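Quick look at start-v1.cif (mmCIF, C-alpha atoms):
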```cif
data_run
#
loop_
_atom_site.label_atom_id
_atom_site.label_comp_id
_atom_site.auth_asym_id
_atom_site.auth_seq_id
_atom_site.Cartn_x
_atom_site.Cartn_y
_atom_site.Cartn_z
CA MET I 1436 3.19 8.72 -0.09
CA ASN I 1437 6.54 8.86 1.69
CA LEU I 1438 5.18 6.91 4.65
CA VAL I 1439 3.87 4.20 2.31
CA TYR I 1440 7.30 4.01 0.66
CA LEU I 1441 8.90 3.76 4.11
CA ALA I 1442 6.51 0.98 5.15
CA ASN I 1443 7.22 -0.76 1.85
CA ASP I 1444 10.97 -0.61 2.47
CA VAL I 1445 10.61 -1.95 6.01
CA VAL I 1446 8.42 -4.90 4.99
CA GLN I 1447 10.58 -5.70 1.95
CA GLN I 1448 13.76 -5.69 4.08
CA SER I 1449 12.04 -7.81 6.69
CA ARG I 1450 10.93 -10.28 4.03
CA ALA I 1451 14.45 -10.42 2.54
CA ARG I 1452 15.75 -11.42 5.97
CA LYS I 1453 13.08 -14.12 6.21
CA LYS I 1454 11.46 -12.36 9.18
CA ASP I 1455 7.76 -11.62 9.25
CA GLU I 1456 7.32 -9.47 12.35
CA PHE I 1457 6.90 -6.20 10.42
CA PRO I 1458 4.42 -7.49 7.81
CA ARG I 1459 2.50 -9.11 10.68
CA ALA I 1460 2.58 -5.92 12.74
CA PHE I 1461 1.56 -3.73 9.78
CA SER I 1462 -1.23 -6.03 8.54
CA PRO I 1463 -3.94 -4.71 10.90
CA VAL I 1464 -3.28 -1.06 9.99
CA ILE I 1465 -2.00 -1.08 6.40
CA PRO I 1466 -5.47 -1.18 4.73
CA GLU I 1467 -6.58 1.98 6.53
CA ALA I 1468 -3.20 3.64 5.99
CA MET I 1469 -3.37 2.97 2.25
CA GLU I 1470 -6.94 4.29 2.14
CA ILE I 1471 -5.94 7.50 3.90
CA ALA I 1472 -2.92 7.95 1.61
CA TYR I 1473 -5.08 7.31 -1.49
CA ARG I 1474 -7.93 9.63 -0.60
CA GLY I 1475 -7.84 13.07 -2.19
CA VAL I 1476 -4.52 12.78 -4.03
CA THR I 1477 -3.95 13.12 -7.76
CA THR I 1478 -4.47 10.18 -10.09
CA ASP I 1479 -0.68 10.14 -10.56
CA VAL I 1480 -0.10 9.52 -6.85
CA GLN I 1481 -2.97 7.01 -6.76
CA GLY I 1482 -1.20 5.13 -9.55
CA LYS I 1483 2.00 5.02 -7.50
CA LEU I 1484 0.11 3.66 -4.51
CA ARG I 1485 -1.52 1.01 -6.73
CA ARG I 1486 1.94 0.06 -8.01
CA VAL I 1487 3.16 -0.50 -4.43
CA LEU I 1488 0.09 -2.66 -3.85
CA ASP I 1489 0.87 -4.66 -7.00
CA VAL I 1490 4.44 -5.23 -5.80
CA TRP I 1491 3.15 -6.45 -2.44
CA ARG I 1492 0.82 -8.84 -4.24
CA GLN I 1493 3.53 -10.14 -6.62
CA ARG I 1494 6.00 -10.67 -3.80
CA GLY I 1495 3.55 -12.06 -1.26
CA VAL I 1496 4.42 -9.39 1.27
CA PHE I 1497 1.00 -9.37 2.95
CA PRO I 1498 -1.64 -12.12 3.21
CA LEU I 1499 -4.26 -12.21 0.44
CA ASN I 1500 -7.05 -11.14 2.80
CA ILE I 1501 -5.13 -7.96 3.68
CA LEU I 1502 -4.42 -7.20 0.02
CA GLY I 1503 -8.10 -7.81 -0.77
CA GLU I 1504 -9.15 -5.40 1.96
CA ILE I 1505 -6.81 -2.75 0.54
CA ASP I 1506 -8.29 -3.32 -2.94
CA GLN I 1507 -11.82 -2.90 -1.59
CA ARG I 1508 -10.96 0.28 0.26
CA LEU I 1509 -9.18 1.85 -2.71
CA ASP I 1510 -11.89 0.79 -5.16
CA GLY I 1511 -14.46 2.49 -2.91
CA ILE I 1512 -12.78 5.88 -3.29
CA HIS I 1513 -13.83 8.06 -6.16
CA ARG I 1514 -10.93 9.26 -8.24
CA PRO I 1515 -10.32 12.98 -7.83
CA HIS I 1516 -9.95 15.33 -10.73
CA GLU I 1517 -6.32 15.80 -11.67
CA LYS I 1518 -5.03 18.78 -9.70
CA CYS I 1519 -3.57 21.68 -11.61
CA HIS I 1520 0.00 22.64 -10.79
#
```
I'd like the structure from this file rewritten - as structure tokens, please.
Amino acid sequence: MNLVYLANDVVQQSRARKKDEFPRAFSPVIPEAMEIAYRGVTTDVQGKLRRVLDVWRQRGVFPLNILGEIDQRLDGIHRPHEKCH
């Protein structure tokens, strides 16, 4: 989760500076990274990852095809049972 937040911060800062090198560089790997982060975590963490994805979509951080690939990968993962603490 922390790495996703870090990637989010980097791409948001890059976008704010009107530079696209980081979103472009992350685009080939971000779908798999999100899938790995999403797999096997609690539904609470999955919700946080989905929220980051929604922000990327709202702000146009990544191209639609990349966002669609992330959606497909996350939708293909079965939700785990909520872990007991």
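When all atoms listed in the file are used to measure the gap to Pro1458 in chain I, the shortest distance among I:Gly1482, I:Gly1511, I:Gly1495, I:Gly1475 belongs to I:Gly1495.
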Evaluate the PyMOL selection byres ((chain I and resi 1437) around 12) here and jot the selected residues down as JSON, numbers by chain. {"I": [1436, 1438, 1439, 1440, 1441, 1442, 1443, 1444, 1468, 1469, 1472, 1480, 1483, 1484, 1487]}
Could you check which of I:Gln1447, I:Val1490, I:Phe1497, I:Asp1510 is closest to Ser1462 in chain I, using only C-alpha atoms?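 Looking only at the distances to Ser1462 in chain I, the closest residue turns out to be I:Phe1497.
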Between CA of Asp1479 in chain I and CA of Ser1449 in chain I, measure the distance and give it in Å to one decimal.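 Distance reported for this atom pair: 28.0 Å.
Those residues that approach Pro1463 in chain I to within 9 Å, counting all atoms listed in the file, are Arg1459, Glu1467 and Ile1501 of chain I; same-chain residues fewer than 4 positions away are not listed.
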Computed interatomic separation between CA of Asp1506 in chain I and CA of Lys1453 in chain I (Å):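 Distance between the two atoms: 25.6 Å.
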Computed interatomic separation between CA of Val1446 in chain I and CA of His1513 in chain I (Å):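 Separation of CA of Val1446 in chain I and CA of His1513 in chain I: 28.1 Å.
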So that I can check the surroundings of Glu1470 in chain I, please list as a VMD selection string every protein, DNA and RNA residue that reaches within 8 Å of it, counting only C-alpha atoms and ignoring chain neighbours fewer than 6 positions away. chain I and resid 1505 1508 to 1509
Pick from I:Val1476, I:Leu1502, I:Ala1451, I:Val1464 nearest to Leu1488 in chain I, counting only C-alpha atoms: I:Leu1502
